[in-house]
>>> print(open('entry-v8.cif').read())   # mmCIF, C-alpha atoms
data_coords
loop_
_atom_site.label_atom_id
_atom_site.label_comp_id
_atom_site.auth_asym_id
_atom_site.auth_seq_id
_atom_site.Cartn_x
_atom_site.Cartn_y
_atom_site.Cartn_z
CA MET A 137 142.51 136.83 58.65
CA GLY A 138 142.29 133.90 56.36
CA LEU A 139 140.54 130.63 56.43
CA PRO A 140 142.37 127.67 57.98
CA ALA A 141 143.96 125.29 55.57
CA PRO A 142 141.87 122.22 54.77
CA PRO A 143 143.04 118.99 56.41
CA VAL A 144 145.49 117.02 54.38
CA ALA A 145 144.73 113.35 53.82
CA PRO A 146 147.51 111.07 55.04
CA THR A 147 149.73 109.62 52.41
CA ILE A 148 149.87 105.92 51.74
CA LYS A 149 153.24 105.71 53.46
CA GLU A 150 151.94 107.42 56.61
CA GLU A 151 148.91 105.10 56.62
CA LEU A 152 151.14 102.00 56.44
CA VAL A 153 153.33 103.25 59.30
CA HIS A 154 150.23 103.92 61.42
CA ARG A 155 148.86 100.41 60.73
CA ARG A 156 152.18 98.78 61.64
CA GLN A 157 152.20 100.59 64.98
CA GLU A 158 148.74 99.20 65.81
CA SER A 159 149.28 95.69 64.52
CA GLY A 160 148.99 93.16 67.33
CA ALA A 161 146.78 95.41 69.50
CA VAL A 162 143.77 93.14 69.02
CA THR A 163 145.85 90.10 69.89
CA ALA A 164 147.08 91.74 73.09
CA GLU A 165 143.57 92.80 74.10
CA THR A 166 142.27 89.29 73.46
CA ALA A 167 145.12 87.77 75.47
CA VAL A 168 144.02 89.88 78.45
CA ALA A 169 140.27 89.37 77.99
CA LEU A 170 140.15 85.58 77.48
CA PRO A 171 141.44 84.59 80.96
CA LEU A 172 139.01 87.04 82.53
CA LEU A 173 136.13 85.53 80.56
CA ALA A 174 137.20 82.03 81.60
CA VAL A 175 137.32 83.02 85.28
CA PHE A 176 133.90 84.68 84.96
CA ALA A 177 132.39 81.58 83.30
CA ILE A 178 133.79 79.24 85.96
CA SER A 179 132.51 81.56 88.70
CA MET A 180 129.01 81.57 87.23
CA ALA A 181 129.05 77.76 86.90
CA TRP A 182 130.16 77.52 90.55
CA LEU A 183 127.26 79.74 91.65
CA VAL A 184 124.79 77.59 89.72
CA SER A 185 126.27 74.49 91.35
CA LEU A 186 125.94 76.14 94.77
CA GLY A 187 122.29 77.01 94.12
CA ILE A 188 121.43 73.51 92.91
CA THR A 189 123.04 71.93 95.97
CA GLN A 190 121.16 74.30 98.29
CA VAL A 191 117.83 73.43 96.67
CA ARG A 192 118.54 69.69 96.86
CA ALA A 193 119.52 69.95 100.54
CA LEU A 194 116.34 71.89 101.32
CA ASP A 195 114.22 69.34 99.45
CA ALA A 196 115.86 66.53 101.43
CA ALA A 197 115.18 68.32 104.72
CA ARG A 198 111.52 68.88 103.81
CA GLU A 199 110.95 65.30 102.64
CA THR A 200 112.58 63.89 105.77
CA ALA A 201 110.58 66.18 108.06
CA ARG A 202 107.29 65.28 106.36
CA ALA A 203 108.00 61.55 106.54
CA ALA A 204 109.04 61.76 110.21
CA ALA A 205 105.97 63.88 111.05
CA ARG A 206 103.71 61.20 109.51
CA SER A 207 105.17 58.70 111.99
CA ASP A 208 106.85 56.71 109.21
CA GLY A 209 109.70 55.99 111.59
CA SER A 210 113.08 57.67 111.83
CA GLY A 211 114.86 55.01 109.77
CA SER A 212 112.55 55.24 106.77
CA ALA A 213 112.41 59.04 106.99
CA LEU A 214 116.21 59.27 106.98
CA ALA A 215 116.41 56.79 104.08
CA LEU A 216 114.04 59.00 102.09
CA GLY A 217 116.14 62.05 102.90
CA ARG A 218 119.36 60.32 101.81
CA ARG A 219 117.74 59.43 98.49
CA VAL A 220 116.91 63.09 97.81
CA ALA A 221 120.02 64.74 99.31
CA PRO A 222 123.28 65.24 97.39
CA SER A 223 125.92 62.59 98.00
CA GLY A 224 128.01 63.19 101.10
CA SER A 225 125.19 64.94 102.99
CA ARG A 226 124.72 64.71 106.74
CA ILE A 227 121.13 64.52 107.97
CA SER A 228 120.07 64.97 111.59
CA LEU A 229 116.57 64.41 112.87
CA GLY A 230 115.14 65.73 116.14
CA HIS A 231 111.77 65.61 117.87
CA GLY A 232 110.48 68.01 120.48
CA GLY A 233 107.48 70.11 121.42
CA GLY A 234 105.17 68.46 118.90
CA THR A 235 107.48 69.22 115.98
CA VAL A 236 110.06 67.42 113.91
CA VAL A 237 113.26 69.31 113.07
CA VAL A 238 115.56 68.10 110.28
CA LYS A 239 118.92 69.63 109.44
CA VAL A 240 120.86 68.74 106.29
CA SER A 241 124.46 69.72 105.60
CA SER A 242 125.68 69.04 102.05
CA PRO A 243 129.05 69.57 100.37
CA VAL A 244 129.14 71.74 97.27
CA LYS A 245 131.18 70.17 94.54
CA GLY A 246 132.31 72.38 91.70
CA PRO A 247 130.79 72.19 88.25
CA ALA A 248 131.57 68.83 86.63
CA GLY A 249 133.64 67.86 89.68
CA LEU A 250 135.98 70.79 89.09
CA PHE A 251 138.07 71.63 92.16
CA GLY A 252 136.96 68.35 93.77
CA HIS A 253 140.30 67.81 95.49
CA TRP A 254 140.16 71.20 97.24
CA ALA A 255 138.28 71.87 100.46
CA THR A 256 134.56 71.82 99.82
CA PHE A 257 132.05 74.41 100.87
CA ARG A 258 128.98 73.12 102.73
CA VAL A 259 125.42 74.40 102.55
CA GLU A 260 122.94 74.00 105.38
CA ALA A 261 119.17 73.51 105.21
CA GLU A 262 116.60 73.10 107.95
CA ALA A 263 112.94 72.07 107.87
CA VAL A 264 110.37 71.91 110.64
CA ALA A 265 107.09 69.99 110.47
CA ALA A 266 104.30 69.60 113.00
CA GLN A 267 104.02 66.08 114.39
CA GLU A 268 100.80 64.50 113.19
CA PRO A 269 98.59 62.98 115.87
CA LYS A 270 98.86 59.20 116.19
CA GLN A 271 95.70 57.24 115.45
#
>>> encode(input="entry-v8.cif", output="structure tokens")
Amino acid sequence: MGLPAPPVAPTIKEELVHRRQESGAVTAETAVALPLLAVFAISMAWLVSLGITQVRALDAARETARAAARSDGSGSALALGRRVAPSGSRISLGHGGGTVVVKVSSPVKGPAGLFGHWATFRVEAEAVAAQEPKQ
């Protein structure tokens, strides 16, 4: 029963052969990873664009509902909403039961207009305000 032989260090020739077999591995891994990173970055930018559009549509609905509840008139309330809403938004205004209901539907355009020629996704926002008593 003897001791195992100590490990032998690879020779220079074996080391060169091993390096040649692995050359290009980093390039191949990068070639696979870069498109995935690009898709991930575009997806995150799209989500940010979606969130910004949703917030702007909600702000437009709130501003329009407040203005209509103050008896500013439907025309001026809708004009205020169009100023706040993203371009291409549809705003509807309704009265009933002592409240004002405003619905805004806005198209989501991709980051920096990316994918603008494809079908757009729309976000919806709704705001309700109590009608103020007339003096």
>>> resolve_selection(input="entry-v8.cif", expression="the PyMOL selection byres ((chain A and resi 201) around 8)", output="ChimeraX atom specification")
/A:197-200,202-205,213,229,236-238,263-265
>>> resolve_selection(input="entry-v8.cif", expression="the PyMOL selection byres ((chain A and resi 258) around 10)", output="JSON, numbers by chain")
{"A": [186, 189, 190, 225, 240, 241, 242, 243, 244, 245, 255, 256, 257, 259, 260]}
>>> axis_aligned_box(input="entry-v8.cif", around="range 163-182 of chain A", padding_each_side="4 Å", output="JSON")
{"center_x": 138.0, "center_y": 85.2, "center_z": 80.2, "size_x": 26.1, "size_y": 23.3, "size_z": 28.7}
>>> closest_residue(input="entry-v8.cif", among="A:Leu139, A:Ala164, A:Ala193, A:Val184", to="Pro247 in chain A", atoms="all atoms listed in the file")
A:Val184
>>> closest_residue(input="entry-v8.cif", among="A:Gly217, A:Glu268, A:Gly246, A:Trp182", to="His231 in chain A", atoms="only C-alpha atoms")
A:Glu268
